[in-house]
Each structure stands twice: as structure tokens, then as C-alpha cells.
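These notes are about the structure you will find just below.
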Amino acid sequence: MSRQPDANRTTEQLYALIANEEDARTCSDLPEEACREVPRNFFLILASNVLTKLGDLLISPKTVLAWLLNAVGAPGLVAWLVPIRESGSMLPQMVIGAWVRRKPVRKWFWTLGAFGQAISVMAMAASVWFLEGYAAGGAVVAALVVFSLARGFCSVSMKDVQGKCIPKGRRGRLSGLATTLGGTMTVILTVLLFWDRGDPSMLFYSLLLLLAGGLWIIAGLLFASVDEYEGETSGGGNALKDAISNLGLLRDDPPFRHFVITRALLLCSALASPYFVLLAQNQADSAWLLGVFLLASSLASSVSASVWGWMADASSRQVMIRGAAIASGVCLLVGLIALAAGDDVGGMWFYPLAFFVLSIAHAGVRLGRKTYLVDMAGGNKRTDYTSVSNSVIGLLLLAAGGLTALISIISEVAVILALGLMGLAGTISALRLEEVSAGSES
């Protein structure tokens with residue numbers, strides 16, 4: 001009979017330790033009933049995020065899915081994996097957001113999205129097991145489309161649920177801690193699953209997909225247990241009409257428009273990473289480098305994310321500025337050195353180390369802009385801001401991908417230099433953003 005109160009006390013004590021405050025329920029921007037459930041909700045959302053980050057590793061389009069398509073005899077479809085994965089979850093979010101904001105409780109959309117991702121990943125495993133050639137590859141790509149759409153539901157609803165259940169000043173450290181734990185566990189999984197195993201069998205990768213599906217199912221069940229109070233809703237109308245109407249935010253809301261422009265310029269930190277890998281492949285064995293880059297990405301997240309999260313609670317704007325400045329500086333430095341030295345640059349560790357620093361910068365940019373968006377709006381505005389910005393960025397991501405593909409005809413170095421200049425413009429734009437975090441208001 002006493003286990004539940006004891007568990008609640010332990011949860012509150014752990015939350016108080018993480019939140020660095022004497023009263024773990026202290027919050028100023030949430031209703032009293034929501035404040036009482038903050039510690040429990042904090043850890044439920046944290047666990048859900050960590051599990052999905054592990055799932056993302058196990059179905060990475062740059063590693064696992066690309067290997068699978070090549071193995072089943074559909075290498076021509078590999079080029080579609082990353083664009084579909086990233087843009088497919090963003091482009092429909094205005095329509096998804098218009099639907100989500102009609103519901104007073106929105107955690108079920110995240111749970112639905114998690115289950116949808118689980119089913120999609122399991123369908124990929126079945127496709128490569130029962131089909132061959134381009135039939136198998138096409139089935140994997142089709143499942144990835146469904147996966148991305150389900151991911152869109154999670155993206156729109158997560159920021160809104162987090163904004164309703166976690167107080168301002170604690171959201172950044174939630175995201176940072178989730179990324180750190182996910183990154184640390186990713187490092188362990190990478191070593192256990194990929195280290196010195198040679199070329200894994202099709203069964204091994206199929207089991208990885210099934211394991212990833214199981215992680216999303218558990219995450220969905222945990223998120224369904226979040227105690228979310230009913231929030232604002234908007235009624236009537238057609239979701240598509242509402243979505244088109246929400247585009248007016250870009251015209252009528254200058255702070256939001258400025259944020260979207262800044263976020264678009266900061267895409268440089270995500271777009272530059274593959275070109276660091278391409279340059280490194282000119283110097284060393286690509287099979288050996290694959291594990292090194294995977295570990296570099298995971299270590300960067302585990303080392304930096306919590307630091308970025310704590311900094312974001314003080315000023316998410318400053319985190320965006322610092323992350324953008326580091327990303328821009330690394331790109332410009334690597335591009336100029338590579339331009340001057342050619343294939344003889346810096347030895348085998350130069351690009352992995354640069355990739356590690358870029359990954360740290362990207363973690364800051366990503367966490368800073370997520371926290372900034374949650375903090376800058378409340379109620380239905382938060383859902384509208386998320387859906388509109390993600391839809392616009394999804395479209396711009398496709399355009400940026402096409403542009404970098406054209407520039408890469410010149411050279412990979414030219415792409416890195418162009419993205420470095422893009423990041424520099426993003427840094428300047430971020431300097432002009434308004435402060436919205438709780439730490440900047442005190």
C-alpha cells in the first residue's frame with residue numbers, strides 16, 4: 001500500500017535534484033493541477049524520448065536502411081532515404097497541427113505516432129525478409145513515408161504536451177538530458193552491435209529493425225501515461241483551410257517570421273555533416289570510418305546535450321547563437337583547409353574530429369531552437385508555430401538539398417564553404433532574436 005507514495009517521493013526527489021530547486025513542483029506558467037504532476041511527467045517524457053532516440057539509431061537511413069537497400073538489390077533508391085525521413089515528417093505538419101489543436105488532450109497523437117513508427121519499421125523488416133530487389137526496396141521506401149508521417153504527429157504534439165506539462169525553465173534540461181542519455185546508450189549499443197563484427201547478416205539487421213519497433217511501442221505506452229490537463233482548443237473549419245490560414249503567421253507575426261528565417265539558415269549544421277564524411281572517404285577506408293563517425297555523433301550528443309539544455313533554460317537564444325557560430329566556424333575552417341591542402345589534410349583524424357565538433361554545434365542549434373519555440377508561445381499558438389515552422393522548413397530542406405547537390409558538382413569543399421557562409425548569416429540573424437527564456441526574464 002505504501003509503495004506508490006514512496007515511488008512518488010523518490011520521483012520528486014530525483015526531479016528536485018535535476019531541476020536544482022528545493023520545491024520540485026515550483027512552476028509559474030502552469031495551472032496548479034499540472035504543477036503537482038510535473039516530476040512524474042518529466043520522467044515519463046524523458047524515458048519516451050530516450051527510447052525513440054535509440055530507435056532512431058537502429059533505423060538510421062545513412063547506415064542501416066542504406067545497407068539494407070543495397071543488400072536487397074535496390075541501390076538506386078538509397079538517395080531517397082534521407083529526404084523522405086526528414087522532409088516527410090515536416091511538410092504535412094500544418095494540416096496535422098490544425099487537427100491536433102482541436103483536441104484538449106494531445107498526448108494521444110504522440111502515442112499514435114509512436115505506434116505508427118513501430119508498425120512502419122516492422123513492415124520494413126518484413127519487406128526485406130519476404131521480397132527481393134526493387135520490390136523490397138520500394139516497400140521499404142513506402143514504409144519510410146508512413147514512418148515520416150507518423151513522426152510528424154509526434155513532432156507537433158510533443159512540443160505542445162511538453163509546454164503544458166513541464167514548466168518554463170525546465171524544458172531545455174529535459175531535452176538535453178534525453179539527448180545525453182540517448183547518446184550515451186547509443187555509444188554502448190554501437191560498440192556492442194557493430195564493433196569488430198565484419199559484415200552482419202540480413203537476419204542481424206532485420207532483428208535490429210524489430211528491436212527498434214519494440215522501443216517505439218514501449219515509448220508510446222509510457223507517453224500514454226503522462227497526466228496532461230485539458231488545454232485550449234479551436235473548433236470548426238477544415239484542417240486544410242486552417243493550415244493555409246496559419247501561413248498568415250509568417251506575414252502577421254514578425255518575431256515568429258524572424259525565428260523561421262533564422263532556423264532555415266541554421267540548417268547548415270545538419271546539411272554539412274555528410275560532406276565531412278565524403279571528404280574523409282578520400283583518405284581512409286570507409287568501412288572503418290563508418291563506426292568512427294557513428295561514435296563521434298553519439299559521443300557529441302552525450303557530452304554536450306545536457307550542458308546545452310541547462311544553458312537553454314537560461315537563454316535558448318544564446319544557445320542558438322553559440323551553436324550556429326561553432327557550426328559556421330567549423331565549416332569555414334574545414335573548407336578553407338581542405339581547399340588549400342587537398343587530400344593531404346590533417347591525417348585520418350582530422351575529419352572525424354571536425355565532425356565531432358560540428359555534431360556538438362548541431363546539438364546546440366537543435367536544442368536551442370526547440371526550446372525557443374516552446375518558450376515563445378503558449379496555448380494553441382505553440383501548436384500553430386510548431387506545425388507552420390516545420391512545414392516551411394521541410395520544404396526549404398528539399399530546396400537546400402537540391403541546391404547543395406548542384407554545388408557538389410563543383411566539389412564537396414564548395415558545399416562546405418557555402419554552408420559555412422549560410423551558418424554565419426544564421427548567427428547574425430539569431431543575434432537579432434528576442435529573449436524568451438525564463439532565465440532571461442529574471
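Starting from 1 in every chain, residues are counted up; chains themselves are A, B, ... following the order of the C-alpha cells, and ligands are numbered from 1 as listed.
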Nearby residues (only C-alpha atoms) at most 12 Å from A:Val128, same-chain spacing under 2 positions excluded, as a PyMOL selection string: chain A and resi 65+67-74+121-126+130-141+143+202-207+209
With the cut-off set at 12 Å and counting only C-alpha atoms, tabulate each residue of stretch 86-191 of chain A with an atom at most that distance from an atom of stretch 370-393 of chain A, showing the nearest atom pair and its distance in Å to one decimal, ordered by chain and increasing number, as a Markdown table.
```
| residue | atom | partner | partner_atom | distance |
| --- | --- | --- | --- | --- |
| A:Glu86 | CA | A:Ile393 | CA | 9.9 |
| A:Ser87 | CA | A:Ile393 | CA | 8.1 |
| A:Gly88 | CA | A:Ser391 | CA | 9.3 |
| A:Ser89 | CA | A:Asn390 | CA | 8.4 |
| A:Met90 | CA | A:Ser391 | CA | 4.7 |
| A:Leu91 | CA | A:Ser391 | CA | 4.1 |
| A:Pro92 | CA | A:Ser391 | CA | 6.1 |
| A:Gln93 | CA | A:Ser387 | CA | 4.6 |
| A:Met94 | CA | A:Ser387 | CA | 4.6 |
| A:Val95 | CA | A:Ser387 | CA | 7.8 |
| A:Ile96 | CA | A:Ser387 | CA | 7.3 |
| A:Gly97 | CA | A:Ser387 | CA | 5.3 |
| A:Ala98 | CA | A:Asp384 | CA | 7.3 |
| A:Trp99 | CA | A:Thr383 | CA | 10.1 |
| A:Val100 | CA | A:Thr383 | CA | 7.9 |
| A:Arg101 | CA | A:Asn380 | CA | 6.2 |
| A:Arg102 | CA | A:Asn380 | CA | 9.0 |
| A:Lys103 | CA | A:Asn380 | CA | 10.3 |
| A:Pro104 | CA | A:Asn380 | CA | 10.0 |
| A:Val105 | CA | A:Asn380 | CA | 11.9 |
| A:Arg106 | CA | A:Thr383 | CA | 10.2 |
| A:Leu149 | CA | A:Ser391 | CA | 11.9 |
| A:Arg151 | CA | A:Asn390 | CA | 11.8 |
| A:Gly152 | CA | A:Ser387 | CA | 8.8 |
| A:Phe153 | CA | A:Ser387 | CA | 9.6 |
| A:Cys154 | CA | A:Ser387 | CA | 11.0 |
| A:Ser155 | CA | A:Thr386 | CA | 8.0 |
| A:Val156 | CA | A:Ser387 | CA | 6.0 |
| A:Ser157 | CA | A:Thr383 | CA | 7.3 |
| A:Met158 | CA | A:Thr383 | CA | 9.3 |
| A:Lys159 | CA | A:Val374 | CA | 6.2 |
| A:Asp160 | CA | A:Thr383 | CA | 5.9 |
| A:Val161 | CA | A:Thr383 | CA | 9.5 |
| A:Gln162 | CA | A:Val374 | CA | 8.1 |
| A:Gly163 | CA | A:Val374 | CA | 6.2 |
| A:Lys164 | CA | A:Gly379 | CA | 8.2 |
| A:Cys165 | CA | A:Val374 | CA | 11.8 |
| A:Ile166 | CA | A:Val374 | CA | 10.5 |
| A:Pro167 | CA | A:Asp375 | CA | 9.6 |
| A:Lys168 | CA | A:Asp375 | CA | 6.7 |
| A:Gly169 | CA | A:Asp375 | CA | 8.8 |
| A:Arg170 | CA | A:Thr371 | CA | 9.7 |
| A:Arg171 | CA | A:Thr371 | CA | 6.6 |
| A:Gly172 | CA | A:Thr371 | CA | 5.7 |
| A:Arg173 | CA | A:Thr371 | CA | 9.4 |
| A:Leu174 | CA | A:Thr371 | CA | 9.9 |
| A:Ser175 | CA | A:Thr371 | CA | 8.3 |
| A:Gly176 | CA | A:Thr371 | CA | 10.1 |
```
Saved selection, atoms kept: N, CA and C atoms, as a short mmCIF file (atom, residue, chain, number, x, y, z; two decimals), in the first residue's frame:
```cif
data_model
loop_
_atom_site.label_atom_id
_atom_site.label_comp_id
_atom_site.auth_asym_id
_atom_site.auth_seq_id
_atom_site.Cartn_x
_atom_site.Cartn_y
_atom_site.Cartn_z
N GLU A 86 13.49 13.13 -43.38
CA GLU A 86 13.49 14.45 -42.77
C GLU A 86 12.31 15.30 -43.21
N SER A 87 12.10 15.41 -44.52
CA SER A 87 11.06 16.30 -45.02
C SER A 87 9.67 15.70 -44.91
N GLY A 88 9.58 14.38 -45.03
CA GLY A 88 8.27 13.74 -44.99
C GLY A 88 7.54 13.96 -43.69
N SER A 89 8.30 14.14 -42.59
CA SER A 89 7.65 14.38 -41.30
C SER A 89 7.32 15.85 -41.08
N MET A 90 7.89 16.74 -41.90
CA MET A 90 7.71 18.17 -41.70
C MET A 90 6.64 18.80 -42.59
N LEU A 91 6.63 18.40 -43.86
CA LEU A 91 5.76 19.08 -44.83
C LEU A 91 4.27 19.05 -44.48
N PRO A 92 3.71 17.92 -43.98
CA PRO A 92 2.27 17.90 -43.69
C PRO A 92 1.89 18.45 -42.33
N GLN A 93 2.83 19.08 -41.61
CA GLN A 93 2.55 19.40 -40.21
C GLN A 93 1.55 20.53 -40.03
N MET A 94 1.37 21.38 -41.03
CA MET A 94 0.34 22.41 -40.89
C MET A 94 -1.04 21.77 -40.82
N VAL A 95 -1.27 20.76 -41.67
CA VAL A 95 -2.56 20.05 -41.64
C VAL A 95 -2.68 19.25 -40.35
N ILE A 96 -1.61 18.55 -39.97
CA ILE A 96 -1.63 17.78 -38.72
C ILE A 96 -1.87 18.71 -37.53
N GLY A 97 -1.18 19.86 -37.54
CA GLY A 97 -1.33 20.80 -36.43
C GLY A 97 -2.74 21.34 -36.31
N ALA A 98 -3.38 21.62 -37.46
CA ALA A 98 -4.76 22.12 -37.43
C ALA A 98 -5.71 21.08 -36.84
N TRP A 99 -5.42 19.83 -37.05
CA TRP A 99 -6.24 18.75 -36.49
C TRP A 99 -5.94 18.58 -35.00
N VAL A 100 -4.65 18.58 -34.65
CA VAL A 100 -4.25 18.36 -33.26
C VAL A 100 -4.82 19.43 -32.35
N ARG A 101 -4.81 20.69 -32.77
CA ARG A 101 -5.20 21.77 -31.86
C ARG A 101 -6.70 21.81 -31.59
N ARG A 102 -7.48 20.95 -32.23
CA ARG A 102 -8.90 20.86 -31.91
C ARG A 102 -9.14 19.99 -30.67
N LYS A 103 -8.13 19.25 -30.24
CA LYS A 103 -8.28 18.31 -29.13
C LYS A 103 -7.71 18.90 -27.85
N PRO A 104 -8.46 18.84 -26.74
CA PRO A 104 -7.96 19.41 -25.48
C PRO A 104 -6.81 18.61 -24.88
N VAL A 105 -6.75 17.29 -25.14
CA VAL A 105 -5.65 16.44 -24.67
C VAL A 105 -4.94 15.88 -25.89
N ARG A 106 -3.62 16.09 -25.97
CA ARG A 106 -2.90 15.81 -27.22
C ARG A 106 -1.84 14.74 -27.11
N LEU A 149 5.34 10.33 -41.77
CA LEU A 149 4.05 10.94 -41.44
C LEU A 149 3.73 10.74 -39.97
N ARG A 151 5.88 10.32 -37.63
CA ARG A 151 6.83 11.17 -36.92
C ARG A 151 6.33 12.61 -36.84
N GLY A 152 5.60 13.04 -37.88
CA GLY A 152 5.03 14.38 -37.87
C GLY A 152 4.04 14.57 -36.73
N PHE A 153 3.21 13.56 -36.46
CA PHE A 153 2.28 13.64 -35.32
C PHE A 153 3.04 13.80 -34.01
N CYS A 154 4.15 13.07 -33.88
CA CYS A 154 4.95 13.17 -32.65
C CYS A 154 5.58 14.55 -32.51
N SER A 155 6.07 15.08 -33.61
CA SER A 155 6.74 16.38 -33.55
C SER A 155 5.80 17.50 -33.15
N VAL A 156 4.61 17.52 -33.75
CA VAL A 156 3.65 18.58 -33.44
C VAL A 156 3.16 18.47 -32.00
N SER A 157 2.81 17.27 -31.57
CA SER A 157 2.20 17.11 -30.26
C SER A 157 3.21 17.18 -29.12
N MET A 158 4.48 16.77 -29.36
CA MET A 158 5.46 16.76 -28.28
C MET A 158 5.67 18.15 -27.69
N LYS A 159 5.88 19.14 -28.53
CA LYS A 159 6.15 20.49 -28.02
C LYS A 159 4.96 21.02 -27.24
N ASP A 160 3.75 20.68 -27.70
CA ASP A 160 2.56 21.17 -27.01
C ASP A 160 2.38 20.48 -25.67
N VAL A 161 2.54 19.16 -25.63
CA VAL A 161 2.41 18.42 -24.36
C VAL A 161 3.51 18.85 -23.39
N GLN A 162 4.71 19.01 -23.90
CA GLN A 162 5.82 19.45 -23.05
C GLN A 162 5.55 20.85 -22.49
N GLY A 163 5.00 21.72 -23.33
CA GLY A 163 4.69 23.07 -22.86
C GLY A 163 3.59 23.09 -21.82
N LYS A 164 2.67 22.10 -21.86
CA LYS A 164 1.58 22.03 -20.89
C LYS A 164 1.95 21.29 -19.61
N CYS A 165 2.97 20.44 -19.68
CA CYS A 165 3.29 19.57 -18.55
C CYS A 165 4.61 19.89 -17.86
N ILE A 166 5.51 20.62 -18.53
CA ILE A 166 6.82 20.94 -17.96
C ILE A 166 6.94 22.46 -17.90
N PRO A 167 7.29 23.03 -16.74
CA PRO A 167 7.34 24.49 -16.61
C PRO A 167 8.48 25.11 -17.40
N LYS A 168 8.31 26.37 -17.77
CA LYS A 168 9.36 27.12 -18.43
C LYS A 168 10.57 27.17 -17.50
N GLY A 169 11.75 27.00 -18.07
CA GLY A 169 12.96 26.95 -17.26
C GLY A 169 13.41 25.54 -16.96
N ARG A 170 12.57 24.53 -17.33
CA ARG A 170 12.94 23.13 -17.11
C ARG A 170 12.86 22.32 -18.41
N ARG A 171 12.41 22.97 -19.48
CA ARG A 171 12.21 22.24 -20.74
C ARG A 171 13.53 21.96 -21.45
N GLY A 172 14.44 22.92 -21.37
CA GLY A 172 15.73 22.72 -22.02
C GLY A 172 16.51 21.58 -21.41
N ARG A 173 16.50 21.49 -20.07
CA ARG A 173 17.26 20.41 -19.45
C ARG A 173 16.59 19.05 -19.66
N LEU A 174 15.25 19.03 -19.86
CA LEU A 174 14.59 17.77 -20.22
C LEU A 174 15.09 17.29 -21.57
N SER A 175 15.10 18.18 -22.57
CA SER A 175 15.59 17.80 -23.90
C SER A 175 17.07 17.45 -23.86
N GLY A 176 17.84 18.23 -23.11
CA GLY A 176 19.27 17.97 -23.02
C GLY A 176 19.58 16.65 -22.36
#
```
Work out how far apart atom CA of A:Ser429 and atom CA of A:Ala324 are and give it in Å to one decimal.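 Pair atom CA of A:Ser429 / atom CA of A:Ala324 returns 10.0 Å.
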Using only C-alpha atoms: which of A:Thr427, A:Thr180, A:Thr404, A:Thr262 has the shortest distance to A:Gly309: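 The closest residue to A:Gly309 is A:Thr180.
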At what distance in Å, to one decimal, does atom CA of A:Gly323 lie from atom CA of A:Ser411?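 Straight-line distance from atom CA of A:Ser411 to atom CA of A:Gly323 works out to 25.5 Å.
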Applying 8 Å and only C-alpha atoms, which residues near stretch 210-221 of chain A remain after dropping the ones on its own chain fewer than 2 positions away? List them as an NGL selection string. :A and (47-49 or 51-52 or 54-56 or 58-59 or 110-112 or 114-115 or 117-119 or 121-122 or 125 or 206-208 or 223-225)
Among the residues A:Leu278, A:Leu295, A:Ala430, A:Leu395, the one that comes closest to A:Thr190 [using only C-alpha atoms]: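 Once distances to A:Thr190 are computed over only C-alpha atoms, the minimum belongs to A:Leu295.
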How many Å lie between atom CA of A:Gln283 and atom CA of A:Ala341, rounded to one decimal?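 Atom CA of A:Gln283 sits 12.4 Å away from atom CA of A:Ala341.
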Alpha helix (DSSP H) positions in stretch 135-333 of chain A, given as a PyMOL selection string: chain A and resi 135-165+171-194+202-224+239-246+248-252+254-265+268-271+273-281+286-333
Report as a ChimeraX atom specification all protein, DNA and RNA residues lying within 9 Å of A:Ile261, evaluated on only C-alpha atoms, omitting residues in the same chain fewer than 4 positions from it. /A:256-257,265-266,426,429
